[in-house]
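Below is one structure, written out as structure tokens; the observations come after it.
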Amino acid sequence: MTTRRPLIAGNWKMNGLQESGAVELALLQQRVTATRPAAEVVICPPATLAANFAVQVRGSGIGIGGQDCHVKASGAHTGDISAEMLADAGASHVIVGHSERRADHGETDGLVRTKAEAAHRAGLTAIICVGETLEQRDAGRTIEIVSGQVAGSVPEAATPANTVIAYEPVWAIGTGRTPTEDDIAAVHAAIRRRLADWLSQGADFRILYGGSVKPSNAKEILALKDVDGALVGGASLKAADFWPIVEAAG
Ligand code: PEP
């Protein structure tokens with residue numbers, strides 16, 4: 001088994017304008033360049049900011065990611081952005097299958113898998129999101145649902161170098177609620193087992209936890225076995241909140 005470097009990724013969602021965004025990014029950049037943290041740091045801003053952010057962070061070790069990509073490289077798809085365009089803008093990562101995209105845009109596991117393949121085609125690391133709804137959790141179906149999403153959303157050719165899994169319980173996103181540490185550990189272990197049984201390097205994939213991670217709970221969550229980092233929404237918008245989470249990763 002290889003060492004898995006923790007990854008702390010910030011998902012800015014539909015938040016951030018050029019000037020205020022650049023200020024927060026600069027604050028984060030100062031910390032990262034001064035400290036060289038153990039964790040890999042990636043910020044996924046709105047697509048409008050990606051190119052400028054990529055220029056701004058050059059040489060700092062911070063990666064820039066997209067929040068979604070189309071399956072095709074180019075074409076008549078008004079409003080969409082391809083993985084190749086993200087790479088051209090300087091991105092190194094892209095989130096695919098976030099539960100907000102699955103819910104708002106009807107994205108299925110099959111589509112998410114094709115988007116991850118598009119990311120790989122463009123040389124990007126795909127951060128593939130999975131997670132159960134509250135109804136599914138209450139019905140005791142969490143492991144079944146999440147394992148099914150992993151099987152359906154992760155391409156067979158995925159490797160630990162080009163793919164990261166993010167376990168994000170839908171009911172924990174933006175709500176301030178988190179699963180118990182035992183529950184997080186159990187789901188991460190199940191995902192790792194599923195990957196290890198299926199793919200030759202399956203045990204080496206990084207598996208992030210996402211859902212209301214904040215400075216006050218990051219250390220406990222990131223210390224859990226099989227948790228290799230975090231995908232952070234609300235607490236990634238301000239460097240003052242995001243940086244302690246990066247530090248908590250070791
Ligand atoms: C997310 O949207 O990926 C997320 C984890 O959001 P939050 O941290 O705000 O719950």
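How things are named: the first chain in the structure tokens is A, the next is B, and so on; residues count from 1 in each chain; ligands count from 1 in the order shown.
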Throw together the list of residues within 8 Å of ligand 1, counting only C-alpha atoms and all ligand atoms, and drop it here as a list in words.
->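 Going residue by residue within 8 Å of ligand 1, we get Gly10, Asn11, Trp12, Lys13, His98, Ser99, Glu100, Glu168, Ala172, Ile173, Gly174, Thr175, Gly176, Tyr209, Gly210, Gly211, Ser212, Val213, Lys214, Ala230, Leu231, Val232, Gly233, Gly234, Ala235 and Ser236 of chain A.
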Using N, CA, C and O atoms, can you export the residues from the last selection as an mmCIF file, in the first residue's frame?
data_model
loop_
_atom_site.group_PDB
_atom_site.id
_atom_site.type_symbol
_atom_site.label_atom_id
_atom_site.label_comp_id
_atom_site.auth_asym_id
_atom_site.auth_seq_id
_atom_site.Cartn_x
_atom_site.Cartn_y
_atom_site.Cartn_z
ATOM 1 N N GLY A 10 -11.560 22.769 -1.364
ATOM 2 C CA GLY A 10 -12.628 23.732 -1.064
ATOM 3 C C GLY A 10 -13.553 23.864 -2.254
ATOM 4 O O GLY A 10 -13.089 24.095 -3.381
ATOM 5 N N ASN A 11 -14.839 23.704 -2.012
ATOM 6 C CA ASN A 11 -15.850 23.840 -3.060
ATOM 7 C C ASN A 11 -16.603 25.146 -2.825
ATOM 8 O O ASN A 11 -17.424 25.228 -1.919
ATOM 9 N N TRP A 12 -16.293 26.138 -3.644
ATOM 10 C CA TRP A 12 -16.914 27.462 -3.431
ATOM 11 C C TRP A 12 -18.345 27.527 -3.973
ATOM 12 O O TRP A 12 -19.031 28.527 -3.762
ATOM 13 N N LYS A 13 -18.754 26.506 -4.688
ATOM 14 C CA LYS A 13 -20.105 26.487 -5.283
ATOM 15 C C LYS A 13 -20.348 27.783 -6.068
ATOM 16 O O LYS A 13 -19.430 28.324 -6.669
ATOM 17 N N HIS A 98 -21.351 15.882 -7.690
ATOM 18 C CA HIS A 98 -21.755 16.487 -6.414
ATOM 19 C C HIS A 98 -23.264 16.295 -6.246
ATOM 20 O O HIS A 98 -24.016 16.347 -7.228
ATOM 21 N N SER A 99 -23.717 16.108 -5.030
ATOM 22 C CA SER A 99 -25.145 15.803 -4.817
ATOM 23 C C SER A 99 -26.039 16.944 -5.293
ATOM 24 O O SER A 99 -27.191 16.709 -5.678
ATOM 25 N N GLU A 100 -25.499 18.181 -5.284
ATOM 26 C CA GLU A 100 -26.316 19.295 -5.795
ATOM 27 C C GLU A 100 -26.499 19.171 -7.302
ATOM 28 O O GLU A 100 -27.544 19.547 -7.841
ATOM 29 N N GLU A 168 -19.965 12.255 0.816
ATOM 30 C CA GLU A 168 -20.685 13.417 1.332
ATOM 31 C C GLU A 168 -22.149 13.052 1.581
ATOM 32 O O GLU A 168 -22.954 13.050 0.634
ATOM 33 N N ALA A 172 -25.868 16.107 5.360
ATOM 34 C CA ALA A 172 -24.847 16.796 6.165
ATOM 35 C C ALA A 172 -24.297 18.020 5.441
ATOM 36 O O ALA A 172 -23.565 18.819 6.024
ATOM 37 N N ILE A 173 -24.647 18.174 4.162
ATOM 38 C CA ILE A 173 -24.074 19.280 3.385
ATOM 39 C C ILE A 173 -24.782 20.589 3.717
ATOM 40 O O ILE A 173 -26.005 20.715 3.535
ATOM 41 N N GLY A 174 -24.010 21.532 4.241
ATOM 42 C CA GLY A 174 -24.527 22.868 4.522
ATOM 43 C C GLY A 174 -25.527 22.924 5.667
ATOM 44 O O GLY A 174 -26.192 23.942 5.862
ATOM 45 N N THR A 175 -25.643 21.859 6.446
ATOM 46 C CA THR A 175 -26.656 21.816 7.503
ATOM 47 C C THR A 175 -26.072 21.976 8.895
ATOM 48 O O THR A 175 -26.811 22.153 9.862
ATOM 49 N N GLY A 176 -24.753 21.839 9.012
ATOM 50 C CA GLY A 176 -24.139 21.881 10.335
ATOM 51 C C GLY A 176 -24.211 20.532 11.035
ATOM 52 O O GLY A 176 -23.676 20.355 12.129
ATOM 53 N N TYR A 209 -13.905 12.987 3.275
ATOM 54 C CA TYR A 209 -15.233 13.175 3.878
ATOM 55 C C TYR A 209 -15.673 14.607 3.573
ATOM 56 O O TYR A 209 -14.860 15.546 3.622
ATOM 57 N N GLY A 210 -16.955 14.784 3.269
ATOM 58 C CA GLY A 210 -17.505 16.127 3.084
ATOM 59 C C GLY A 210 -18.884 16.228 3.698
ATOM 60 O O GLY A 210 -19.680 15.278 3.670
ATOM 61 N N GLY A 211 -19.173 17.403 4.269
ATOM 62 C CA GLY A 211 -20.477 17.637 4.890
ATOM 63 C C GLY A 211 -20.286 18.314 6.214
ATOM 64 O O GLY A 211 -19.979 17.667 7.208
ATOM 65 N N SER A 212 -20.396 19.681 6.191
ATOM 66 C CA SER A 212 -20.290 20.486 7.416
ATOM 67 C C SER A 212 -18.959 20.306 8.144
ATOM 68 O O SER A 212 -18.911 20.342 9.381
ATOM 69 N N VAL A 213 -17.873 20.124 7.387
ATOM 70 C CA VAL A 213 -16.551 20.145 8.020
ATOM 71 C C VAL A 213 -16.213 21.587 8.339
ATOM 72 O O VAL A 213 -16.419 22.497 7.521
ATOM 73 N N LYS A 214 -15.723 21.832 9.527
ATOM 74 C CA LYS A 214 -15.365 23.178 9.968
ATOM 75 C C LYS A 214 -14.168 23.084 10.902
ATOM 76 O O LYS A 214 -13.783 21.970 11.290
ATOM 77 N N ALA A 230 -10.671 16.138 3.183
ATOM 78 C CA ALA A 230 -12.038 16.662 3.261
ATOM 79 C C ALA A 230 -12.379 17.465 2.024
ATOM 80 O O ALA A 230 -11.506 18.118 1.424
ATOM 81 N N LEU A 231 -13.651 17.400 1.662
ATOM 82 C CA LEU A 231 -14.210 18.319 0.672
ATOM 83 C C LEU A 231 -15.066 19.293 1.474
ATOM 84 O O LEU A 231 -15.995 18.882 2.176
ATOM 85 N N VAL A 232 -14.712 20.565 1.391
ATOM 86 C CA VAL A 232 -15.271 21.568 2.299
ATOM 87 C C VAL A 232 -16.053 22.603 1.500
ATOM 88 O O VAL A 232 -15.513 23.195 0.559
ATOM 89 N N GLY A 233 -17.297 22.846 1.876
ATOM 90 C CA GLY A 233 -18.102 23.844 1.191
ATOM 91 C C GLY A 233 -18.020 25.189 1.895
ATOM 92 O O GLY A 233 -17.076 25.959 1.712
ATOM 93 N N GLY A 234 -19.000 25.474 2.751
ATOM 94 C CA GLY A 234 -19.119 26.786 3.389
ATOM 95 C C GLY A 234 -17.844 27.282 4.050
ATOM 96 O O GLY A 234 -17.481 28.460 3.921
ATOM 97 N N ALA A 235 -17.142 26.378 4.749
ATOM 98 C CA ALA A 235 -15.945 26.799 5.489
ATOM 99 C C ALA A 235 -14.728 26.986 4.587
ATOM 100 O O ALA A 235 -13.641 27.287 5.084
ATOM 101 N N SER A 236 -14.904 26.822 3.270
ATOM 102 C CA SER A 236 -13.753 27.069 2.387
ATOM 103 C C SER A 236 -13.757 28.488 1.825
ATOM 104 O O SER A 236 -12.804 28.916 1.184
#
Looking only at helix (DSSP H, G or I) from DSSP on the backbone, list the matching residues of region 33-232 of chain A as a PyMOL selection string.
-> chain A and resi 33-35+47-56+83-88+99-104+109-121+134-138+142-153+170-172+181-198+202-204+215-222
Got a sec: who's within 12 Å of Leu134 (chain A), counting only C-alpha atoms, leaving out chain neighbours fewer than 6 positions off, as a VMD selection string?
-> chain A and resid 140 to 142 145 168 to 173 175 177 to 179
Just N, CA and C atoms for this one: save the residues we selected as a JSON list (two decimals), in the first residue's frame.
[["chain", "number", "residue", "atom", "x", "y", "z"],
["A", 140, "GLY", "N", -31.64, 2.58, 6.75],
["A", 140, "GLY", "CA", -30.52, 1.65, 6.97],
["A", 140, "GLY", "C", -29.83, 1.23, 5.68],
["A", 141, "ARG", "N", -29.90, 2.09, 4.65],
["A", 141, "ARG", "CA", -29.39, 1.70, 3.33],
["A", 141, "ARG", "C", -28.08, 2.42, 2.94],
["A", 142, "THR", "N", -27.46, 3.10, 3.91],
["A", 142, "THR", "CA", -26.30, 3.94, 3.57],
["A", 142, "THR", "C", -25.21, 3.18, 2.82],
["A", 145, "ILE", "N", -26.33, 2.08, -0.69],
["A", 145, "ILE", "CA", -26.44, 3.21, -1.64],
["A", 145, "ILE", "C", -25.07, 3.70, -2.05],
["A", 168, "GLU", "N", -19.96, 12.26, 0.82],
["A", 168, "GLU", "CA", -20.68, 13.42, 1.33],
["A", 168, "GLU", "C", -22.15, 13.05, 1.58],
["A", 169, "PRO", "N", -22.49, 12.74, 2.82],
["A", 169, "PRO", "CA", -23.91, 12.47, 3.10],
["A", 169, "PRO", "C", -24.72, 13.71, 2.73],
["A", 170, "VAL", "N", -25.75, 13.54, 1.92],
["A", 170, "VAL", "CA", -26.49, 14.69, 1.39],
["A", 170, "VAL", "C", -27.05, 15.54, 2.53],
["A", 171, "TRP", "N", -27.51, 14.89, 3.58],
["A", 171, "TRP", "CA", -28.16, 15.58, 4.71],
["A", 171, "TRP", "C", -27.16, 16.33, 5.58],
["A", 172, "ALA", "N", -25.87, 16.11, 5.36],
["A", 172, "ALA", "CA", -24.85, 16.80, 6.16],
["A", 172, "ALA", "C", -24.30, 18.02, 5.44],
["A", 173, "ILE", "N", -24.65, 18.17, 4.16],
["A", 173, "ILE", "CA", -24.07, 19.28, 3.39],
["A", 173, "ILE", "C", -24.78, 20.59, 3.72],
["A", 175, "THR", "N", -25.64, 21.86, 6.45],
["A", 175, "THR", "CA", -26.66, 21.82, 7.50],
["A", 175, "THR", "C", -26.07, 21.98, 8.90],
["A", 177, "ARG", "N", -24.87, 19.57, 10.42],
["A", 177, "ARG", "CA", -24.97, 18.23, 11.02],
["A", 177, "ARG", "C", -23.92, 17.31, 10.40],
["A", 178, "THR", "N", -23.36, 16.43, 11.21],
["A", 178, "THR", "CA", -22.41, 15.45, 10.67],
["A", 178, "THR", "C", -22.77, 14.07, 11.21],
["A", 179, "PRO", "N", -22.40, 13.02, 10.50],
["A", 179, "PRO", "CA", -22.58, 11.68, 11.04],
["A", 179, "PRO", "C", -21.67, 11.51, 12.26]]
Shell of 6 Å around Ile207 (chain A), only C-alpha atoms, local chain residues under 4 positions omitted, as a PyMOL selection string | chain A and resi 165-166+227-228
Polymer residues at most 8 Å from Gln149 (chain A), only C-alpha atoms, same-chain spacing of 2 or more positions, as a list in words =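 Close residues of Gln149 (chain A): Asp109, Val130, Gly131, Ile145, Val146, Ser147, Ala151, Gly152 and Ser153 of chain A.
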Counting only C-alpha atoms, the option among A:Tyr167, A:Glu132, A:Pro37, A:His120 closest to Arg5 (chain A) =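 Result for the nearest residue to Arg5 (chain A): A:Pro37.
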Rank A:Asp68, A:Thr33, A:Gly90, A:Ser74 by their smallest atom-to-atom distance to Asn52 (chain A), using only C-alpha atoms, and report the top residue only.
->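 Checking each candidate against Asn52 (chain A), we get A:Gly90 as the closest.
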Identify, on the basis of only C-alpha atoms, every residue whose closest approach to Met14 (chain A) does not exceed 12 Å; exclude the query and any residue fewer than 6 positions from it along the same chain; express the result as a PyMOL selection string.
-> chain A and resi 21+44-49+66-68+100+233-234+237
Deliver the residues from the most recent selection as a file, using C-alpha atoms, as a PDB file, in the first residue's frame.
ATOM      1  CA  GLY A  21     -12.247  35.974  -4.146  1.00  0.00           C
ATOM      2  CA  CYS A  44     -12.685  24.802  -6.741  1.00  0.00           C
ATOM      3  CA  PRO A  45     -14.050  28.294  -7.480  1.00  0.00           C
ATOM      4  CA  PRO A  46     -16.842  29.133  -9.932  1.00  0.00           C
ATOM      5  CA  ALA A  47     -15.649  28.677 -13.525  1.00  0.00           C
ATOM      6  CA  THR A  48     -15.550  32.466 -13.976  1.00  0.00           C
ATOM      7  CA  LEU A  49     -12.650  32.651 -11.515  1.00  0.00           C
ATOM      8  CA  GLY A  66     -13.672  22.947 -11.588  1.00  0.00           C
ATOM      9  CA  GLN A  67     -17.020  22.083 -10.012  1.00  0.00           C
ATOM     10  CA  ASP A  68     -18.377  20.113 -12.969  1.00  0.00           C
ATOM     11  CA  GLU A 100     -26.316  19.295  -5.795  1.00  0.00           C
ATOM     12  CA  GLY A 233     -18.102  23.844   1.191  1.00  0.00           C
ATOM     13  CA  GLY A 234     -19.119  26.786   3.389  1.00  0.00           C
ATOM     14  CA  LEU A 237     -14.965  30.561   1.458  1.00  0.00           C
TER      15      LEU A 237
END
Which residue of A:Arg206, A:Lys219, A:His188, A:His70 approaches Arg113 (chain A) most closely, using only C-alpha atoms | A:His70
Give the answer as one residue: which of A:Ser216, A:Thr78, A:Gln56, A:Thr163 has the shortest atom-to-atom distance to Leu28 (chain A), using only C-alpha atoms?
-> A:Gln56
Looking at only C-alpha atoms, which of A:Arg31, A:Gly229, A:Pro215, A:Glu107 is the one that sits closest to Asp241 (chain A)?
->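 So, comparing all the options, the nearest one is A:Pro215.
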Near Leu124 (chain A), within 10 Å and counting only C-alpha atoms, which residues show up once chain neighbours fewer than 2 positions away are dropped, as an NGL selection string?
-> :A and (65-66 or 83-84 or 86-87 or 91-95 or 116-122 or 126-127 or 161-163)
Hey, can you check how far CA of Gly59 (chain A) sits from CA of Ile43 (chain A)?
->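 Between CA of Gly59 (chain A) and CA of Ile43 (chain A) the gap is 14.5 Å.
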